[in-house]
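File shown: model.txt. Contents: compact mmCIF, C-alpha atoms.
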```txt
# COMPACT_ATOMS: atom_id res chain seq x y z
CA MET A 1 0.00 0.00 0.00
CA LYS A 2 1.34 3.44 -0.88
CA SER A 3 1.85 5.75 2.06
CA SER A 4 -0.55 8.27 0.51
CA GLN A 5 -3.42 5.78 0.48
CA LYS A 6 -5.88 5.93 3.34
CA ARG A 7 -6.37 2.77 5.38
CA ILE A 8 -9.88 1.34 5.30
CA SER A 9 -11.35 1.64 8.79
CA ILE A 10 -13.82 -1.05 9.79
CA VAL A 11 -15.98 -2.00 12.73
CA PHE A 12 -16.69 -5.69 13.35
CA ALA A 13 -19.90 -6.74 15.10
CA SER A 14 -20.85 -10.17 16.37
CA GLY A 15 -22.75 -11.53 19.32
CA ARG A 16 -20.01 -14.11 19.95
CA THR A 17 -17.02 -12.96 22.01
CA MET A 18 -14.64 -15.54 20.58
CA VAL A 19 -15.52 -14.59 17.01
CA ARG A 20 -14.87 -10.91 17.74
CA GLU A 21 -11.48 -11.72 19.28
CA LEU A 22 -10.45 -13.97 16.39
CA TYR A 23 -11.32 -11.40 13.75
CA LEU A 24 -9.70 -8.58 15.71
CA LYS A 25 -6.43 -10.55 15.64
CA ALA A 26 -6.86 -11.60 12.01
CA PHE A 27 -7.38 -8.05 10.80
CA HIS A 28 -4.02 -6.99 12.24
CA ARG A 29 -2.34 -8.64 9.25
CA PRO A 30 -4.03 -7.35 6.08
CA VAL A 31 -2.39 -4.31 4.55
CA GLY A 32 -4.64 -1.28 4.25
CA ILE A 33 -7.42 -2.43 6.63
CA SER A 34 -7.71 -1.30 10.24
CA VAL A 35 -10.26 -2.41 12.86
CA ILE A 36 -11.17 0.66 14.90
CA GLY A 37 -13.91 -0.97 16.95
CA CYS A 38 -15.73 -4.17 17.85
CA ALA A 39 -19.37 -4.35 18.89
CA SER A 40 -21.71 -6.96 20.30
CA SER A 41 -25.03 -5.08 20.02
CA CYS A 42 -26.90 -2.75 17.71
CA ASP A 43 -26.43 0.21 20.07
CA GLU A 44 -22.67 -0.42 20.28
CA ILE A 45 -22.42 -0.39 16.49
CA ILE A 46 -24.26 2.92 16.29
CA ARG A 47 -22.11 4.44 19.04
CA THR A 48 -18.98 3.43 17.15
CA VAL A 49 -20.03 4.81 13.77
CA SER A 50 -21.27 8.00 15.42
CA THR A 51 -17.99 8.71 17.19
CA ARG A 52 -15.37 7.24 14.85
CA SER A 53 -14.64 7.56 11.15
CA VAL A 54 -15.85 4.16 9.90
CA ASP A 55 -15.65 3.17 6.23
CA VAL A 56 -17.06 -0.37 6.32
CA ALA A 57 -19.14 -2.11 8.99
CA LEU A 58 -19.05 -5.93 9.12
CA ILE A 59 -22.20 -6.95 10.96
CA SER A 60 -23.47 -10.39 11.94
CA ALA A 61 -27.22 -10.90 11.83
CA ALA A 62 -27.33 -12.19 15.42
CA LEU A 63 -26.08 -9.84 18.12
CA ASP A 64 -26.42 -9.78 21.90
CA ASP A 65 -29.68 -7.87 21.64
CA GLY A 66 -31.44 -10.33 19.35
CA PRO A 67 -31.17 -12.81 16.45
CA PHE A 68 -32.03 -10.08 13.92
CA ALA A 69 -30.42 -7.09 15.65
CA GLY A 70 -27.89 -6.86 12.82
CA ILE A 71 -30.72 -6.07 10.41
CA MET A 72 -31.88 -3.25 12.67
CA ALA A 73 -28.31 -1.93 12.74
CA LEU A 74 -28.29 -1.84 8.94
CA GLU A 75 -31.48 0.22 8.91
CA ARG A 76 -30.14 2.69 11.47
CA ILE A 77 -26.86 3.10 9.61
CA ARG A 78 -28.66 3.70 6.33
CA ALA A 79 -30.90 6.31 7.94
CA SER A 80 -28.27 8.26 9.88
CA TYR A 81 -24.80 7.35 8.59
CA PRO A 82 -25.05 6.86 4.80
CA ASN A 83 -21.29 7.18 4.33
CA VAL A 84 -20.75 3.92 6.22
CA LYS A 85 -20.92 0.86 3.96
CA PRO A 86 -22.31 -2.17 5.80
CA VAL A 87 -21.68 -5.81 4.93
CA MET A 88 -23.98 -8.44 6.42
CA LEU A 89 -22.21 -11.55 7.71
CA LEU A 90 -24.50 -14.58 7.51
CA GLN A 91 -24.45 -18.25 8.35
CA GLU A 92 -25.57 -20.62 5.62
CA SER A 93 -28.70 -21.32 7.68
CA GLU A 94 -29.63 -17.62 7.47
CA ILE A 95 -29.96 -17.60 3.68
CA GLN A 96 -33.52 -16.25 3.95
CA LEU A 97 -32.07 -12.98 5.27
CA VAL A 98 -30.17 -12.10 2.08
CA THR A 99 -32.83 -9.99 0.39
CA ILE A 100 -34.00 -8.51 3.68
CA ALA A 101 -30.44 -7.40 4.43
CA PHE A 102 -30.11 -5.69 1.05
CA ARG A 103 -33.40 -3.92 1.58
CA ALA A 104 -32.21 -2.78 5.02
CA GLY A 105 -29.14 -1.16 3.48
CA ALA A 106 -26.39 -3.78 3.15
CA LYS A 107 -23.80 -3.14 0.45
CA GLY A 108 -22.68 -6.73 0.53
CA ILE A 109 -23.54 -10.20 1.79
CA PHE A 110 -20.78 -12.48 3.01
CA PHE A 111 -20.74 -16.05 4.35
CA PRO A 112 -17.51 -16.24 6.45
CA GLU A 113 -17.50 -20.00 7.04
CA LYS A 114 -17.95 -20.67 3.32
CA GLU A 115 -15.79 -17.98 1.72
CA GLY A 116 -12.88 -17.55 4.12
CA PHE A 117 -10.91 -14.65 5.56
CA ALA A 118 -8.87 -13.76 2.47
CA MET A 119 -12.07 -13.32 0.48
CA LEU A 120 -13.55 -11.23 3.32
CA CYS A 121 -10.65 -8.80 3.01
CA ARG A 122 -11.30 -8.58 -0.71
CA CYS A 123 -14.99 -7.98 0.04
CA VAL A 124 -14.08 -5.09 2.35
CA ARG A 125 -11.92 -3.48 -0.33
CA LYS A 126 -14.52 -3.89 -3.09
CA VAL A 127 -17.36 -2.53 -0.96
CA HIS A 128 -15.16 0.37 0.11
CA ASP A 129 -14.56 1.08 -3.59
CA GLY A 130 -18.32 1.37 -4.13
CA GLN A 131 -19.17 -2.10 -5.38
CA ILE A 132 -21.93 -4.44 -4.26
CA TRP A 133 -20.67 -7.80 -3.00
CA ALA A 134 -22.94 -10.79 -3.58
CA SER A 135 -22.67 -14.12 -5.33
CA SER A 136 -23.97 -14.43 -8.86
CA ALA A 137 -26.57 -16.89 -7.59
CA HIS A 138 -27.94 -14.35 -5.12
CA LEU A 139 -27.93 -11.57 -7.72
CA HIS A 140 -29.78 -13.83 -10.14
CA GLU A 141 -32.37 -14.56 -7.46
CA LEU A 142 -32.79 -10.86 -6.72
CA LEU A 143 -33.12 -9.87 -10.36
CA GLU A 144 -35.69 -12.61 -10.97
CA ALA A 145 -37.66 -11.37 -7.98
CA PHE A 146 -37.76 -7.88 -9.49
CA ALA A 147 -38.87 -9.28 -12.84
CA ARG A 148 -41.75 -11.14 -11.18
CA GLN A 149 -42.72 -8.32 -8.85
CA VAL A 150 -46.50 -7.91 -8.63
CA PRO A 151 -48.79 -6.76 -5.82
CA ARG A 152 -48.32 -9.28 -3.03
CA ARG A 153 -50.68 -10.82 -0.53
CA ILE A 154 -49.68 -12.34 2.78
CA VAL A 155 -51.50 -15.63 3.09
CA ASP A 156 -51.63 -18.56 5.48
CA PHE A 157 -50.66 -22.10 4.50
CA SER A 158 -54.13 -22.61 3.02
CA GLY A 159 -53.80 -19.56 0.82
CA VAL A 160 -56.24 -17.48 2.88
CA ARG A 161 -55.53 -13.75 2.80
CA LEU A 162 -54.54 -12.54 6.28
CA LEU A 163 -54.46 -8.77 5.86
CA THR A 164 -56.65 -6.10 4.33
CA LYS A 165 -55.48 -4.21 1.24
CA ARG A 166 -54.58 -1.20 3.39
CA GLU A 167 -52.59 -3.36 5.80
CA GLU A 168 -50.74 -4.95 2.87
CA ASP A 169 -49.84 -1.47 1.64
CA VAL A 170 -48.42 -0.64 5.08
CA VAL A 171 -46.38 -3.87 5.11
CA ARG A 172 -44.97 -3.09 1.66
CA LEU A 173 -43.80 0.36 2.79
CA VAL A 174 -42.36 -1.04 6.03
CA GLU A 175 -40.33 -3.46 3.87
CA ASP A 176 -39.13 -0.46 1.85
CA GLY A 177 -37.69 0.98 5.06
CA LEU A 178 -40.12 3.90 5.43
CA THR A 179 -40.84 5.44 8.82
CA ASN A 180 -44.39 5.81 10.14
CA ARG A 181 -44.37 9.46 9.07
CA GLN A 182 -43.24 8.56 5.55
CA ILE A 183 -45.83 5.79 5.33
CA ALA A 184 -48.53 8.22 6.44
CA HIS A 185 -47.48 10.70 3.76
CA SER A 186 -47.35 8.02 1.05
CA LEU A 187 -50.80 6.62 1.87
CA ALA A 188 -52.40 9.97 2.78
CA LEU A 189 -53.06 8.79 6.33
CA SER A 190 -52.31 10.16 9.78
CA GLU A 191 -49.38 8.73 11.74
CA HIS A 192 -51.90 7.61 14.35
CA THR A 193 -53.73 5.56 11.71
CA VAL A 194 -50.47 4.02 10.53
CA ARG A 195 -49.57 3.02 14.10
CA ASN A 196 -52.99 1.46 14.57
CA ASN A 197 -52.57 -0.47 11.33
CA LEU A 198 -49.20 -1.76 12.51
CA PHE A 199 -50.63 -2.83 15.86
CA ARG A 200 -53.34 -4.80 14.04
CA ILE A 201 -50.82 -6.32 11.63
CA PHE A 202 -48.50 -7.38 14.47
CA ASP A 203 -51.45 -8.89 16.34
CA LYS A 204 -52.76 -10.77 13.29
CA LEU A 205 -49.38 -12.19 12.33
CA GLY A 206 -48.00 -12.77 15.83
CA VAL A 207 -44.92 -10.59 15.37
CA SER A 208 -43.59 -7.72 17.47
CA THR A 209 -41.00 -5.86 15.38
CA ARG A 210 -40.58 -4.60 11.82
CA VAL A 211 -37.78 -7.08 11.18
CA GLU A 212 -39.99 -9.97 12.29
CA LEU A 213 -42.72 -8.57 10.03
CA ALA A 214 -40.33 -8.59 7.04
CA LEU A 215 -39.32 -12.18 7.80
CA TYR A 216 -42.94 -13.24 8.14
CA SER A 217 -43.78 -11.60 4.82
CA ALA A 218 -40.84 -13.37 3.16
CA ASN A 219 -42.21 -16.74 4.23
CA HIS A 220 -45.95 -16.19 3.70
CA THR A 221 -46.20 -14.19 0.48
CA ASN A 222 -47.92 -15.68 -2.53
CA SER A 223 -45.92 -13.80 -5.18
CA PHE A 224 -42.30 -14.68 -4.37
CA PRO A 225 -40.39 -17.83 -3.46
CA LEU A 226 -38.95 -18.09 0.04
CA GLY A 227 -35.98 -15.79 0.45
CA ALA A 228 -36.82 -13.45 -2.45
CA ALA A 229 -39.74 -11.49 -1.11
CA GLN A 230 -37.69 -8.51 -0.01
CA ALA A 231 -35.40 -8.00 -3.03
CA SER A 232 -33.95 -4.58 -2.63
CA ILE A 233 -31.00 -3.68 -4.79
CA GLU A 234 -31.48 -0.64 -7.01
CA THR A 235 -31.76 -2.54 -10.28
CA ALA A 236 -31.40 0.50 -12.49
CA VAL A 237 -27.72 0.66 -11.56
CA LEU A 238 -27.00 -2.99 -10.85
CA THR A 239 -24.82 -4.98 -13.26
CA HIS A 240 -25.11 -8.72 -12.90
CA SER A 241 -21.85 -10.59 -13.37
CA SER A 242 -22.04 -13.96 -15.10
CA SER A 243 -18.96 -15.13 -13.20
CA ASP A 244 -19.20 -17.23 -10.05
CA GLU A 245 -16.94 -14.66 -8.40
CA PRO A 246 -18.88 -12.26 -6.14
CA ARG A 247 -18.46 -8.93 -7.93
CA SER A 248 -21.37 -6.76 -8.75
CA HIS A 249 -20.81 -3.08 -9.42
CA LEU A 250 -22.77 0.06 -8.65
```

Have the structure of the file written as structure tokens, please.
Amino acid sequence: MKSSQKRISIVFASGRTMVRELYLKAFHRPVGISVIGCASSCDEIIRTVSTRSVDVALISAALDDGPFAGIMALERIRASYPNVKPVMLLQESEIQLVTIAFRAGAKGIFFPEKEGFAMLCRCVRKVHDGQIWASSAHLHELLEAFARQVPRRIVDFSGVRLLTKREEDVVRLVEDGLTNRQIAHSLALSEHTVRNNLFRIFDKLGVSTRVELALYSANHTNSFPLGAAQASIETAVLTHSSSDEPRSHL
């Protein structure tokens, strides 16, 4: 690395102490990458990016404050710290979170146990350079989801519609990452009405957070296959690579 080049500053977040310690040691070696903070919860991530100059945030889905707290961290970073580029670290068993993570603001999806540390360093550099990091298979899935996108209905296992049309509209905008105020403006409703709709939706579906709502929608929607209901890359600027190498460009 040339002396004039700025080191890439990263924060690493995981709910597992041993994993944090291992990656903190591992990132001492790569040239041009510097870990400036580790976090175990969503709030710790936000505190770090708010007080330090962070380029890339590597965030596990499961943190100390919940199995999907990493998704909430993505949403908060996107809303308040758009200069930080988050990468979601997933286990193979969490494959259903891929499209949800992109919708929440991830600039890349990485499977550490499958792809290895050397590839993770490459991922950090590519995301820092402004690229999207995802496998060709995942990009193909996302693009197909966009091509098939039609108004969706959340149904039970018998195909019975669970929500009203208005409630489905609210769910769609929640999936798009809109706040209650933005949803109210989009649907010409009051914020009070939007909150009441969300309370009814949560009660009907047996969920308690927006992330749980997105996951429920992913698994009970009649227009998309499992794992593709929340496709959320900006397709107008996405180039799909035909290579098996994860390298999509913005």

Task: Between atom CA of Leu213 of chain A and atom CA of Leu58 of chain A - distance in Å to one decimal - done: 23.8 Å

TODO: Name the residues in contact with Tyr81 of chain A at a cut-off of 12 Å, using only C-alpha atoms, excluding same-chain residues fewer than 2 positions from it; report them as a PyMOL selection string.
DONE: chain A and resi 45-57+73-79+83-86+105

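By chain and then residue number, the residues within 10 Å of Ile201 of chain A are Leu162, Leu163, Thr164, Glu167, Glu168, Val170, Val171, Arg195, Asn196, Asn197, Leu198, Phe199, Asp203, Lys204, Leu205, Gly206, Val207, Ser208 and Leu213 of chain A, counting only C-alpha atoms and disregarding those fewer than 2 positions away in sequence.
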
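For the set A:Lys107, A:Ala101, A:Gln96, A:Leu178, the residue with the smallest atom-to-atom gap to Pro82 of chain A is A:Lys107, counting only C-alpha atoms.
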
Please provide the set of residues having any atom within 12 Å of Gly116 of chain A, restricted to only C-alpha atoms, with same-chain residues fewer than 5 positions apart removed, written as a compact mmCIF listing (two decimals) with C-alpha atoms, keeping the file's coordinate frame.
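Output (selection-v2.txt):
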```txt
# COMPACT_ATOMS: atom_id res chain seq x y z
CA TYR A 23 -11.32 -11.40 13.75
CA ALA A 26 -6.86 -11.60 12.01
CA LEU A 89 -22.21 -11.55 7.71
CA PHE A 110 -20.78 -12.48 3.01
CA PHE A 111 -20.74 -16.05 4.35
CA CYS A 121 -10.65 -8.80 3.01
CA ARG A 122 -11.30 -8.58 -0.71
CA CYS A 123 -14.99 -7.98 0.04
```

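For the set A:Phe12, A:Leu24, A:Val87, A:Lys114, the residue with the smallest atom-to-atom gap to Lys126 of chain A is A:Val87, counting all atoms listed in the file.
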
TODO: May I ask for the distance between atom CA of Ala69 of chain A and atom CA of Phe202 of chain A, given in Å to one decimal place?
DONE: 18.1 Å

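If you look at atom CA of Ile109 of chain A and atom CA of Ile8 of chain A, they are 18.2 Å away from each other.
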
Open item on the list: Restricting the calculation to all atoms listed in the file: of A:Glu115, A:Ser93, A:Thr99, A:Leu120, which residue gets closest to Asp176 of chain A?
Closed with: A:Thr99

Task: Counting all atoms listed in the file, the residue of A:Thr179, A:Ser34, A:Gly15, A:His28 that sits nearest Phe68 of chain A - done: A:Gly15
